[in-house]
file work-v4.tsv (TSV, C-alpha atoms)
chain	number	residue	atom	x	y	z
A	27	MET	CA	-86.63	188.01	175.69
A	28	ALA	CA	-87.41	186.19	172.42
A	29	LEU	CA	-87.62	188.27	169.25
A	30	ARG	CA	-91.01	188.52	167.51
A	31	PHE	CA	-90.80	188.28	163.71
A	32	THR	CA	-93.71	189.60	161.65
A	33	ARG	CA	-92.07	189.76	158.21
A	34	LEU	CA	-89.25	187.22	158.38
A	35	ASP	CA	-91.38	184.12	158.84
A	36	ARG	CA	-91.26	180.75	157.06
A	37	PRO	CA	-93.94	181.45	154.43
A	38	ALA	CA	-92.25	184.74	153.51
A	39	ILE	CA	-88.86	183.05	153.24
A	40	ARG	CA	-90.30	180.35	150.97
A	41	ARG	CA	-91.81	183.00	148.69
A	42	LEU	CA	-88.46	184.78	148.17
A	43	LEU	CA	-87.38	185.08	144.53
A	44	THR	CA	-83.77	185.01	143.32
A	45	GLY	CA	-81.92	188.07	144.56
A	46	GLU	CA	-84.62	189.07	147.03
A	47	LYS	CA	-83.98	189.38	150.74
A	48	ILE	CA	-85.86	190.09	153.95
A	49	THR	CA	-84.25	191.72	156.99
A	50	GLU	CA	-85.76	191.96	160.44
A	51	HIS	CA	-84.16	192.41	163.88
A	52	GLY	CA	-80.70	192.25	162.30
A	53	VAL	CA	-81.33	188.87	160.64
A	54	THR	CA	-81.33	188.67	156.84
A	55	ALA	CA	-82.57	185.81	154.64
A	56	GLU	CA	-81.52	186.08	150.97
A	57	ARG	CA	-82.45	183.87	148.02
A	58	LEU	CA	-79.26	183.07	146.04
A	59	ALA	CA	-78.91	182.38	142.32
A	60	ASP	CA	-78.72	178.63	142.93
A	61	GLY	CA	-82.04	178.71	144.79
A	62	ASP	CA	-80.49	178.31	148.23
A	63	VAL	CA	-81.29	180.66	151.13
A	64	ARG	CA	-78.42	182.31	152.99
A	65	TYR	CA	-78.84	183.64	156.53
A	66	SER	CA	-76.68	186.45	157.91
A	67	VAL	CA	-76.76	188.89	160.84
A	68	ASN	CA	-75.86	192.57	160.99
A	69	VAL	CA	-76.26	194.13	164.44
A	70	MET	CA	-74.55	196.55	166.80
A	71	VAL	CA	-73.11	194.99	169.96
A	72	ASP	CA	-71.76	197.49	172.51
A	73	GLY	CA	-70.89	199.96	169.78
A	74	VAL	CA	-69.26	197.35	167.53
A	75	ARG	CA	-70.84	196.40	164.20
A	76	VAL	CA	-71.08	192.61	163.99
A	77	HIS	CA	-71.71	191.28	160.49
A	78	ARG	CA	-71.75	187.49	160.13
A	79	ILE	CA	-72.81	185.04	157.44
A	80	ILE	CA	-74.34	182.26	159.51
A	81	GLY	CA	-74.83	179.69	156.74
A	82	ARG	CA	-77.11	178.26	154.07
A	83	GLU	CA	-80.44	176.55	154.34
A	84	SER	CA	-79.01	173.54	152.46
A	85	ASP	CA	-76.46	173.16	155.27
A	86	GLY	CA	-79.21	173.00	157.86
A	87	THR	CA	-78.99	176.66	158.88
A	88	THR	CA	-82.23	178.26	160.08
A	89	ARG	CA	-83.39	181.66	161.27
A	90	THR	CA	-83.26	180.30	164.82
A	91	GLN	CA	-79.50	179.82	164.57
A	92	ALA	CA	-79.12	183.43	163.47
A	93	GLU	CA	-81.16	184.52	166.49
A	94	GLU	CA	-79.02	182.35	168.78
A	95	PHE	CA	-75.84	183.87	167.36
A	96	ILE	CA	-77.09	187.40	168.16
A	97	GLY	CA	-78.02	186.34	171.66
A	98	LYS	CA	-74.64	184.72	172.23
A	99	ALA	CA	-72.76	187.72	170.85
A	100	ARG	CA	-74.55	190.03	173.27
A	101	SER	CA	-74.05	187.64	176.15
A	102	ASP	CA	-70.35	187.24	175.34
A	103	SER	CA	-70.00	190.99	175.08
A	104	ARG	CA	-71.37	191.40	178.58
A	105	ASP	CA	-68.81	188.91	179.84
A	106	GLY	CA	-66.00	190.56	177.89
A	107	ARG	CA	-65.59	187.50	175.68
A	108	LEU	CA	-66.95	188.65	172.33
A	109	SER	CA	-65.57	186.31	169.65
A	110	LEU	CA	-64.41	189.02	167.28
A	111	PRO	CA	-60.95	189.15	165.68
A	112	LYS	CA	-59.22	192.35	166.74
A	113	GLY	CA	-59.97	195.14	164.29
A	114	ARG	CA	-62.26	192.94	162.16
A	115	LYS	CA	-65.93	193.81	161.78
A	116	ILE	CA	-66.90	191.38	159.01
A	117	ALA	CA	-66.60	187.65	159.60
A	118	LEU	CA	-64.12	185.60	157.64
A	119	SER	CA	-65.74	183.09	155.32
A	120	PHE	CA	-64.22	179.63	155.28
A	121	ARG	CA	-63.06	180.11	151.70
A	122	ALA	CA	-61.22	183.35	152.49
A	123	ALA	CA	-59.75	181.93	155.69
A	124	SER	CA	-58.53	178.72	154.02
A	125	ASP	CA	-56.95	180.67	151.13
A	126	ASP	CA	-55.08	182.83	153.64
A	127	TYR	CA	-54.15	179.71	155.64
A	128	LEU	CA	-52.54	178.05	152.60
A	129	LYS	CA	-50.73	181.26	151.68
A	130	ARG	CA	-49.23	181.62	155.15
A	131	LEU	CA	-48.16	177.97	155.24
A	132	GLU	CA	-46.41	178.42	151.90
A	133	GLU	CA	-44.58	181.50	153.18
A	134	THR	CA	-43.44	179.75	156.36
A	135	GLY	CA	-42.60	176.35	154.81
A	136	GLY	CA	-45.49	174.39	156.33
A	137	LYS	CA	-45.48	170.61	156.24
A	138	ASN	CA	-47.43	168.53	153.71
A	139	LEU	CA	-48.46	171.68	151.86
A	140	ALA	CA	-49.36	169.89	148.62
A	141	ALA	CA	-51.68	167.46	150.41
A	142	LYS	CA	-53.30	170.23	152.47
A	143	LYS	CA	-53.87	172.34	149.37
A	144	ARG	CA	-55.48	169.40	147.56
A	145	GLN	CA	-57.78	168.61	150.51
A	146	VAL	CA	-58.82	172.25	150.93
A	147	GLU	CA	-59.53	172.91	147.26
A	148	LEU	CA	-61.16	169.60	146.35
A	149	HIS	CA	-63.23	168.87	149.44
A	150	LEU	CA	-63.23	171.41	152.29
A	151	GLN	CA	-63.88	174.61	150.33
A	152	PRO	CA	-66.68	173.14	148.16
A	153	PHE	CA	-68.51	172.00	151.32
A	154	PHE	CA	-67.94	174.84	153.79
A	155	GLY	CA	-67.63	177.56	151.10
A	156	THR	CA	-68.94	180.94	152.21
A	157	GLN	CA	-69.98	179.83	155.69
A	158	SER	CA	-68.53	181.97	158.44
A	159	LEU	CA	-65.46	180.35	159.97
A	160	GLU	CA	-66.92	181.00	163.41
A	161	ALA	CA	-70.36	179.60	162.52
A	162	ILE	CA	-69.01	176.14	161.65
A	163	THR	CA	-69.89	173.80	164.51
A	164	THR	CA	-69.30	170.19	165.46
A	165	PHE	CA	-72.70	169.42	163.91
A	166	THR	CA	-71.56	170.96	160.60
A	167	ILE	CA	-68.37	168.88	160.71
A	168	ASP	CA	-70.39	165.72	161.36
A	169	ARG	CA	-72.43	166.52	158.25
A	170	TYR	CA	-69.19	166.81	156.29
A	171	LYS	CA	-68.12	163.36	157.50
A	172	ARG	CA	-71.45	161.87	156.42
A	173	LYS	CA	-71.30	163.47	152.99
A	174	ARG	CA	-67.74	162.25	152.36
A	175	THR	CA	-68.65	158.77	153.57
A	176	GLU	CA	-71.64	158.67	151.24
A	177	ALA	CA	-69.33	159.75	148.40
A	178	GLY	CA	-67.27	156.60	149.00
A	179	ALA	CA	-64.29	158.13	150.82
A	180	LYS	CA	-62.55	155.83	153.29
A	181	ASN	CA	-62.38	156.68	156.97
A	182	GLY	CA	-58.61	157.17	156.82
A	183	THR	CA	-58.97	159.64	153.93
A	184	ILE	CA	-61.67	161.60	155.77
A	185	ASN	CA	-59.54	161.68	158.93
A	186	ARG	CA	-56.63	163.20	156.98
A	187	GLU	CA	-58.98	165.91	155.71
A	188	LEU	CA	-60.25	166.52	159.24
A	189	ALA	CA	-56.65	166.82	160.43
A	190	THR	CA	-56.10	169.62	157.92
A	191	LEU	CA	-59.33	171.30	159.02
A	192	SER	CA	-58.29	171.00	162.67
A	193	HIS	CA	-54.88	172.49	161.89
A	194	LEU	CA	-56.56	175.39	160.09
A	195	TYR	CA	-58.64	176.15	163.19
A	196	SER	CA	-55.61	175.87	165.47
A	197	LYS	CA	-53.82	178.42	163.32
A	198	ALA	CA	-56.94	180.63	163.24
A	199	VAL	CA	-56.86	180.80	167.03
A	200	GLU	CA	-53.09	181.40	167.01
A	201	TRP	CA	-53.48	184.23	164.46
A	202	LYS	CA	-56.31	185.81	166.51
A	203	TRP	CA	-58.98	185.17	163.90
A	204	LEU	CA	-60.97	183.26	166.52
A	205	ASN	CA	-60.73	182.57	170.22
A	206	HIS	CA	-62.22	179.08	170.13
A	207	ARG	CA	-62.48	176.06	167.85
A	208	PRO	CA	-65.03	173.27	167.38
A	209	LYS	CA	-64.38	169.68	168.37
A	210	PHE	CA	-63.15	167.24	165.74
A	211	GLY	CA	-63.99	163.58	166.23
A	212	LYS	CA	-62.10	161.05	164.14
A	213	LEU	CA	-63.72	158.13	162.39
A	214	ALA	CA	-62.68	154.60	163.31
A	215	GLU	CA	-59.86	153.23	161.17
A	216	GLY	CA	-58.49	149.76	160.68
A	217	PRO	CA	-54.85	148.94	161.42
A	218	GLY	CA	-53.90	149.89	157.87
A	219	ARG	CA	-51.77	148.06	155.37
A	220	ILE	CA	-48.09	147.62	156.14
A	221	ILE	CA	-45.90	147.23	153.06
A	222	ALA	CA	-42.39	145.90	153.59
A	223	LEU	CA	-39.72	145.28	150.96
A	224	SER	CA	-37.88	142.00	150.53
A	225	GLU	CA	-34.09	141.81	150.65
A	226	LYS	CA	-33.99	141.62	146.86
A	227	GLN	CA	-36.22	144.69	146.54
A	228	CYS	CA	-34.09	146.61	149.04
A	229	ASP	CA	-30.97	145.84	146.99
A	230	ALA	CA	-32.70	146.96	143.78
A	231	LEU	CA	-33.87	150.20	145.43
A	232	MET	CA	-30.38	150.99	146.72
A	233	ALA	CA	-28.82	150.31	143.32
A	234	ALA	CA	-31.35	152.61	141.65
A	235	ALA	CA	-30.75	155.32	144.28
A	236	ILE	CA	-26.98	155.16	143.68
A	237	ALA	CA	-27.60	155.62	139.96
A	238	SER	CA	-30.01	158.54	140.60
A	239	ALA	CA	-29.16	162.01	139.28
A	240	ASP	CA	-29.88	163.36	142.75
A	241	PRO	CA	-26.66	163.14	144.78
A	242	ASP	CA	-28.50	162.70	148.09
A	243	CYS	CA	-30.87	159.93	147.01
A	244	TRP	CA	-28.59	157.00	147.87
A	245	LEU	CA	-27.76	158.40	151.33
A	246	PHE	CA	-31.46	158.99	152.02
A	247	VAL	CA	-32.25	155.34	151.17
A	248	ALA	CA	-29.31	154.13	153.27
A	249	PHE	CA	-30.66	156.13	156.22
A	250	GLY	CA	-34.20	154.79	155.81
A	251	LEU	CA	-33.24	151.12	155.59
A	252	ASN	CA	-30.67	151.30	158.39
A	253	THR	CA	-32.57	153.28	161.03
A	254	ALA	CA	-36.39	153.05	160.59
A	255	MET	CA	-36.43	156.85	160.89
A	256	ARG	CA	-39.23	158.98	159.45
A	257	HIS	CA	-38.81	161.01	156.25
A	258	SER	CA	-38.60	164.38	158.03
A	259	GLU	CA	-36.33	163.04	160.79
A	260	ILE	CA	-33.79	161.87	158.24
A	261	LEU	CA	-33.65	165.22	156.47
A	262	ARG	CA	-33.18	167.11	159.75
A	263	ALA	CA	-30.16	165.01	160.76
A	264	ARG	CA	-26.86	166.84	161.43
A	265	PHE	CA	-23.26	165.67	161.60
A	266	ASP	CA	-22.73	167.43	164.93
A	267	GLN	CA	-25.55	165.35	166.44
A	268	LEU	CA	-23.82	162.07	165.57
A	269	ASP	CA	-21.89	159.90	168.03
A	270	LEU	CA	-20.36	157.37	165.66
A	271	ASP	CA	-18.48	155.51	168.38
A	272	ARG	CA	-21.70	154.83	170.30
A	273	LEU	CA	-23.72	154.37	167.09
A	274	ARG	CA	-26.21	157.06	168.11
A	275	LEU	CA	-27.85	160.07	166.45
A	276	LEU	CA	-29.59	162.73	168.52
A	277	ILE	CA	-33.05	163.67	167.20
A	278	PRO	CA	-34.05	166.87	169.06
A	279	LYS	CA	-37.55	167.03	167.58
A	280	ALA	CA	-39.61	163.93	166.89
A	281	LYS	CA	-43.23	162.86	167.25
A	282	ALA	CA	-42.64	161.35	170.68
A	283	GLY	CA	-40.14	164.02	171.75
A	284	GLN	CA	-36.35	164.10	171.79
A	285	ARG	CA	-34.62	160.74	171.50
A	286	GLU	CA	-31.28	159.10	170.73
A	287	GLN	CA	-31.63	157.11	167.54
A	288	PRO	CA	-29.55	153.91	167.28
A	289	ILE	CA	-27.88	153.44	163.89
A	290	THR	CA	-26.24	150.39	162.34
A	291	PRO	CA	-22.43	150.03	162.08
A	292	GLU	CA	-22.85	149.99	158.30
A	293	LEU	CA	-24.55	153.39	158.31
A	294	ALA	CA	-21.95	154.74	160.75
A	295	ASP	CA	-19.18	153.81	158.30
A	296	ILE	CA	-21.08	155.46	155.44
A	297	LEU	CA	-21.56	158.67	157.44
A	298	ARG	CA	-17.93	158.72	158.59
A	299	ARG	CA	-16.71	158.59	155.00
A	300	GLU	CA	-19.35	161.10	153.88
A	301	ARG	CA	-18.31	163.64	156.52
A	302	GLU	CA	-14.66	163.34	155.59
A	303	MET	CA	-15.51	164.16	151.96
A	304	ARG	CA	-17.47	167.29	152.88
A	305	PRO	CA	-15.81	170.73	153.04
A	306	GLU	CA	-14.51	171.49	156.51
A	307	LYS	CA	-17.13	174.18	157.10
A	308	ASP	CA	-19.91	171.62	156.46
A	309	GLN	CA	-18.58	168.77	158.60
A	310	ASP	CA	-20.67	169.86	161.59
A	311	SER	CA	-23.73	170.94	159.65
A	312	TRP	CA	-26.71	169.34	157.90
A	313	ILE	CA	-26.25	165.88	156.42
A	314	PHE	CA	-28.82	166.79	153.75
A	315	PRO	CA	-28.14	170.51	153.12
A	316	SER	CA	-30.56	172.46	150.96
A	317	PRO	CA	-29.33	172.84	147.36
A	318	ARG	CA	-30.64	176.42	147.59
A	319	PRO	CA	-29.75	177.59	151.11
A	320	THR	CA	-30.95	181.13	150.44
A	321	ALA	CA	-34.40	179.87	149.42
A	322	THR	CA	-35.23	178.23	152.74
A	323	LYS	CA	-34.87	179.25	156.36
A	324	ARG	CA	-34.19	175.73	157.53
A	325	GLY	CA	-30.94	175.12	155.70
A	326	HIS	CA	-31.75	171.47	154.99
A	327	ARG	CA	-33.81	169.73	152.33
A	328	ASP	CA	-37.54	169.59	152.99
A	329	ARG	CA	-38.55	166.57	150.92
A	330	MET	CA	-36.99	163.72	148.96
A	331	GLY	CA	-40.22	162.48	147.39
A	332	LYS	CA	-39.41	163.13	143.72
A	333	PRO	CA	-35.92	161.57	143.55
A	334	PHE	CA	-37.10	158.67	145.71
A	335	ARG	CA	-40.04	158.05	143.38
A	336	GLY	CA	-37.67	158.02	140.42
A	337	ALA	CA	-35.47	155.43	142.15
A	338	VAL	CA	-38.52	153.29	142.95
A	339	ILE	CA	-39.59	153.28	139.31
A	340	GLN	CA	-36.04	152.49	138.18
A	341	ALA	CA	-35.97	149.57	140.63
A	342	GLY	CA	-39.13	148.12	139.03
A	343	LEU	CA	-41.35	148.82	142.06
A	344	ASP	CA	-44.78	150.44	142.24
A	345	PRO	CA	-44.33	154.16	143.08
A	346	ASP	CA	-47.94	154.40	144.33
A	347	LEU	CA	-47.22	151.78	146.99
A	348	VAL	CA	-43.53	152.25	147.77
A	349	THR	CA	-43.16	155.64	149.45
A	350	PRO	CA	-40.30	156.78	151.72
A	351	HIS	CA	-42.33	155.57	154.71
A	352	VAL	CA	-42.13	152.02	153.34
A	353	MET	CA	-38.43	152.01	154.27
A	354	ARG	CA	-39.49	152.58	157.88
A	355	HIS	CA	-42.03	149.73	157.63
A	356	THR	CA	-39.35	147.49	156.15
A	357	ALA	CA	-36.77	148.18	158.86
A	358	ILE	CA	-39.28	147.63	161.68
A	359	THR	CA	-40.61	144.44	160.09
A	360	ASN	CA	-37.05	143.14	159.83
A	361	LEU	CA	-36.51	143.87	163.53
A	362	VAL	CA	-39.64	141.89	164.41
A	363	GLN	CA	-38.61	138.97	162.21
A	364	ALA	CA	-35.15	139.01	163.79
A	365	GLY	CA	-36.81	138.32	167.15
A	366	ALA	CA	-36.25	141.70	168.82
A	367	ASP	CA	-38.57	142.33	171.75
A	368	LEU	CA	-41.22	145.02	171.38
A	369	PRO	CA	-39.76	147.57	173.88
A	370	THR	CA	-36.44	147.39	172.03
A	371	ILE	CA	-38.17	147.94	168.70
A	372	GLN	CA	-40.06	150.89	170.18
A	373	ARG	CA	-36.74	152.33	171.38
A	374	ILE	CA	-35.38	152.14	167.82
A	375	SER	CA	-38.49	153.21	165.92
A	376	GLY	CA	-39.48	156.07	168.21
A	377	HIS	CA	-43.14	155.04	168.39
A	378	LYS	CA	-45.13	156.65	171.20
A	379	THR	CA	-46.80	153.41	172.31
A	380	LEU	CA	-46.23	149.67	172.14
A	381	ALA	CA	-49.65	149.37	170.51
A	382	MET	CA	-48.22	151.03	167.40
A	383	VAL	CA	-45.35	148.52	167.31
A	384	MET	CA	-47.79	145.64	167.70
A	385	ARG	CA	-49.12	146.38	164.20
A	386	TYR	CA	-45.90	144.90	162.82
A	387	THR	CA	-46.17	141.57	164.63
A	388	HIS	CA	-47.85	139.72	161.79
A	389	VAL	CA	-49.53	136.60	163.14
A	390	HIS	CA	-48.68	134.52	160.09
A	391	GLY	CA	-45.05	135.61	159.91
A	392	SER	CA	-42.29	132.99	159.87
A	393	HIS	CA	-40.83	134.53	163.04
A	394	ILE	CA	-44.04	133.58	164.87
A	395	ASP	CA	-43.67	129.98	163.75
A	396	GLU	CA	-40.02	129.92	164.83
A	397	ALA	CA	-40.89	131.45	168.19
A	398	ILE	CA	-43.60	128.90	168.98
A	399	ARG	CA	-41.27	126.05	167.92
A	400	SER	CA	-38.66	127.30	170.38
A	401	ILE	CA	-40.86	126.39	173.36
A	402	GLY	CA	-41.79	122.93	172.07
A	403	ARG	CA	-41.24	120.16	174.62
A	404	GLY	CA	-42.05	116.55	173.74
A	405	VAL	CA	-42.39	113.45	175.97
A	406	ALA	CA	-40.30	110.37	175.07
A	407	GLU	CA	-42.72	107.70	176.33
A	408	PRO	CA	-46.15	108.98	177.28
A	409	PRO	CA	-47.61	106.84	180.13
A	410	THR	CA	-50.62	104.65	179.45
A	411	ARG	CA	-53.75	106.25	180.84
A	412	LYS	CA	-55.29	103.99	183.51
A	413	ILE	CA	-59.03	103.89	184.08
A	414	PRO	CA	-59.88	104.44	187.78
A	415	ASP	CA	-61.29	101.38	189.64
A	416	THR	CA	-64.59	103.10	190.35
A	417	VAL	CA	-65.13	103.69	186.63
A	418	THR	CA	-64.21	100.07	185.82
A	419	HIS	CA	-66.68	98.75	188.41
A	420	GLU	CA	-69.52	100.92	187.06
A	421	LEU	CA	-68.88	99.76	183.47
A	422	HIS	CA	-68.88	96.13	184.65
A	423	LYS	CA	-72.28	96.60	186.36
A	424	ARG	CA	-73.78	98.17	183.21
A	425	GLN	CA	-72.61	95.28	181.06
A	426	LYS	CA	-74.31	92.74	183.43
A	427	ARG	CA	-77.59	94.72	183.80
A	428	PRO	CA	-80.18	93.57	181.18
A	429	SER	CA	-81.87	96.24	179.14
A	430	ARG	CA	-85.59	96.91	179.56
A	431	THR	CA	-86.31	95.62	176.05
A	432	ARG	CA	-84.51	92.37	176.67
A	433	ALA	CA	-86.28	91.94	180.03
A	434	ALA	CA	-89.70	92.52	178.46
A	435	ASN	CA	-89.05	90.04	175.65
A	436	GLY	CA	-87.53	87.49	178.03

call {"tool": "encode", "arguments": {"input": "work-v4.tsv", "output": "structure tokens"}}
result
Amino acid sequence: MALRFTRLDRPAIRRLLTGEKITEHGVTAERLADGDVRYSVNVMVDGVRVHRIIGRESDGTTRTQAEEFIGKARSDSRDGRLSLPKGRKIALSFRAASDDYLKRLEETGGKNLAAKKRQVELHLQPFFGTQSLEAITTFTIDRYKRKRTEAGAKNGTINRELATLSHLYSKAVEWKWLNHRPKFGKLAEGPGRIIALSEKQCDALMAAAIASADPDCWLFVAFGLNTAMRHSEILRARFDQLDLDRLRLLIPKAKAGQREQPITPELADILRREREMRPEKDQDSWIFPSPRPTATKRGHRDRMGKPFRGAVIQAGLDPDLVTPHVMRHTAITNLVQAGADLPTIQRISGHKTLAMVMRYTHVHGSHIDEAIRSIGRGVAEPPTRKIPDTVTHELHKRQKRPSRTRAANG
């Protein structure tokens, strides 16, 4: 049965002054200091007080959405599926939830924490703000995409922000803040720019890494250029996962699952010497041990961004373009230019699909020109093309037949 509102109607809401509010049937409309109207609900559902901030008028929230939330809460309660965090009576706002999310990631050593924090504080919190975490829908997320697009953000940038938002919701479900999450649709992206270093640039980078004050920098660069491994995969490598005779390194956890990573003979020699120089107790442990083992649960280094950036600058390269991932691009590009087939490259790079490897097959690359030349087959003396007799006869008849103009003038 639909609720009948006698006081909380549109004219009354428009007449609200700053700080004033109207409440009816558990729905409250309040005029905020910035002139916006905020809708919230405060009702009893099966003996449980449900207090939710539904959203702001500027975000497209209306009284109808507040009514629908109350109806859904009561319906869910009947089905035993009320979306309430255990022991929580007041809804989490997005701002409070995202602050707690970042705090927990920091305590547990979450990945890409600096980027996530920047995305949350600069873009996600200003947009979603005090909206209830549960009230944010796919429609609200689509509005966020449109606003960021209108602000000039590229699709790839927006997709990274959406990935952080999606991860936040996944954790919210895992931590029992919610029991569902909205859908996140990505925006279309181009293939992206692939930056690969030349041989001369690789040599300069290695020389700068050897001269670095960080003792692990040179080994990190050697790994990247010799394996095409990802940043995190390199830092999780262990001596006891190496098979130097077979030139293989076991990677238990990777994007595409566990794999055996081929390594070059040059890197195998480097790692053999490096292991011999380590203390005996460390010869079967992390290749990149944490300088502060008591400060991390993992036991290995988390990032090499800062020393790598210093080496890049010292090598005369652009640190905004040359990141650790560029070493992976460089190694894969070199494999393509060496003529390796795509399945073999995929086996080395650990890509999930061949489509990802195809991004490296640059159409204008010299290896493409060499490949097409390899199938060239000439003909020593091409035969003279003979005109069929029927064609010759027809041409002869046309030459003898007088034109209409000549016949008329004749």

call {"tool": "atom_distance", "arguments": {"input": "work-v4.tsv", "atom1": "CA of Leu118 (chain A)", "atom2": "CA of Asn181 (chain A)"}}
result
29.0 Å

call {"tool": "closest_atom_pairs", "arguments": {"input": "work-v4.tsv", "of": "region 321-392 of chain A", "to": "region 271-285 of chain A", "cutoff": "8 Å", "atoms": "all atoms listed in the file", "output": "JSON lines"}}
result
{"residue": "A:Gly376", "atom": "CA", "partner": "A:Ala282", "partner_atom": "CA", "distance": 6.6}
{"residue": "A:His377", "atom": "CA", "partner": "A:Ala282", "partner_atom": "CA", "distance": 6.7}
{"residue": "A:Lys378", "atom": "CA", "partner": "A:Ala282", "partner_atom": "CA", "distance": 5.3}

call {"tool": "residues_around", "arguments": {"input": "work-v4.tsv", "residues": "region 343-357 of chain A", "least_positions_apart": "4", "cutoff": "6 Å", "atoms": "only C-alpha atoms", "output": "list of chain:residue names"}}
result
A:Ala222, A:Leu223, A:Gly250, A:Leu251, A:Ala254, A:Arg335, A:Val338, A:Ile339

call {"tool": "atom_distance", "arguments": {"input": "work-v4.tsv", "atom1": "CA of Phe314 (chain A)", "atom2": "CA of Arg373 (chain A)"}}
result
24.1 Å

call {"tool": "closest_residue", "arguments": {"input": "work-v4.tsv", "among": "A:Ile184, A:Leu191, A:Ile260, A:Ala161", "to": "Val146 (chain A)", "atoms": "all atoms listed in the file"}}
result
A:Leu191

call {"tool": "closest_residue", "arguments": {"input": "work-v4.tsv", "among": "A:Asn252, A:Ala214, A:Asp240, A:Ala198", "to": "Leu159 (chain A)", "atoms": "only C-alpha atoms"}}
result
A:Ala198

call {"tool": "axis_aligned_box", "arguments": {"input": "work-v4.tsv", "around": "region 218-230 of chain A", "padding_each_side": "8 Å", "output": "AutoDock Vina command-line options"}}
result
--center_x -42.4 --center_y 145.8 --center_z 150.8 --size_x 38.9 --size_y 24.3 --size_z 30.1

call {"tool": "residues_around", "arguments": {"input": "work-v4.tsv", "residues": "Val247 (chain A)", "least_positions_apart": "5", "cutoff": "10 Å", "atoms": "only C-alpha atoms", "output": "ChimeraX atom specification"}}
result
/A:228,231-236,242,252,260,330,334,337,350,353

call {"tool": "residues_near_point", "arguments": {"input": "work-v4.tsv", "point": "(-64.7, 180.7, 155.8)", "cutoff": "9 Å", "atoms": "all atoms listed in the file", "output": "ChimeraX atom specification"}}
result
/A:117-124,151,154-162

call {"tool": "residues_around", "arguments": {"input": "work-v4.tsv", "residues": "Asp328 (chain A)", "least_positions_apart": "3", "cutoff": "8 Å", "atoms": "only C-alpha atoms", "output": "ChimeraX atom specification"}}
result
/A:258,261,316

call {"tool": "closest_residue", "arguments": {"input": "work-v4.tsv", "among": "A:Asp126, A:Glu94, A:Asp308, A:Glu133", "to": "Arg264 (chain A)", "atoms": "all atoms listed in the file"}}
result
A:Asp308

call {"tool": "atom_distance", "arguments": {"input": "work-v4.tsv", "atom1": "CA of Ile371 (chain A)", "atom2": "CA of Phe249 (chain A)"}}
result
16.7 Å

call {"tool": "decode", "arguments": {"input": "work-v4.tsv", "residues": "region 127-138 of chain A", "atoms": "N, CA and C atoms", "output": "tab-separated table (two decimals), in the first residue's frame"}}
result
chain	number	residue	atom	x	y	z
A	127	TYR	N	38.27	1.70	5.16
A	127	TYR	CA	38.84	0.83	4.12
A	127	TYR	C	40.33	1.09	3.95
A	128	LEU	N	40.70	2.38	3.83
A	128	LEU	CA	42.11	2.73	3.66
A	128	LEU	C	42.93	2.36	4.90
A	129	LYS	N	42.35	2.55	6.06
A	129	LYS	CA	43.04	2.23	7.30
A	129	LYS	C	43.32	0.74	7.39
A	130	ARG	N	42.34	-0.08	7.04
A	130	ARG	CA	42.53	-1.53	7.10
A	130	ARG	C	43.55	-2.00	6.07
A	131	LEU	N	43.52	-1.41	4.87
A	131	LEU	CA	44.51	-1.78	3.86
A	131	LEU	C	45.92	-1.46	4.33
A	132	GLU	N	46.07	-0.31	4.99
A	132	GLU	CA	47.38	0.08	5.50
A	132	GLU	C	47.87	-0.90	6.56
A	133	GLU	N	46.96	-1.35	7.41
A	133	GLU	CA	47.33	-2.28	8.48
A	133	GLU	C	47.69	-3.67	7.95
A	134	THR	N	47.08	-4.05	6.82
A	134	THR	CA	47.32	-5.39	6.27
A	134	THR	C	48.28	-5.39	5.08
A	135	GLY	N	48.85	-4.22	4.75
A	135	GLY	CA	49.80	-4.16	3.63
A	135	GLY	C	49.15	-4.31	2.28
A	136	GLY	N	48.01	-3.63	2.06
A	136	GLY	CA	47.31	-3.72	0.77
A	136	GLY	C	48.13	-3.19	-0.38
A	137	LYS	N	47.81	-3.66	-1.57
A	137	LYS	CA	48.54	-3.26	-2.77
A	137	LYS	C	48.11	-1.87	-3.24
A	138	ASN	N	49.05	-1.18	-3.89
A	138	ASN	CA	48.77	0.12	-4.51
A	138	ASN	C	48.07	1.08	-3.56
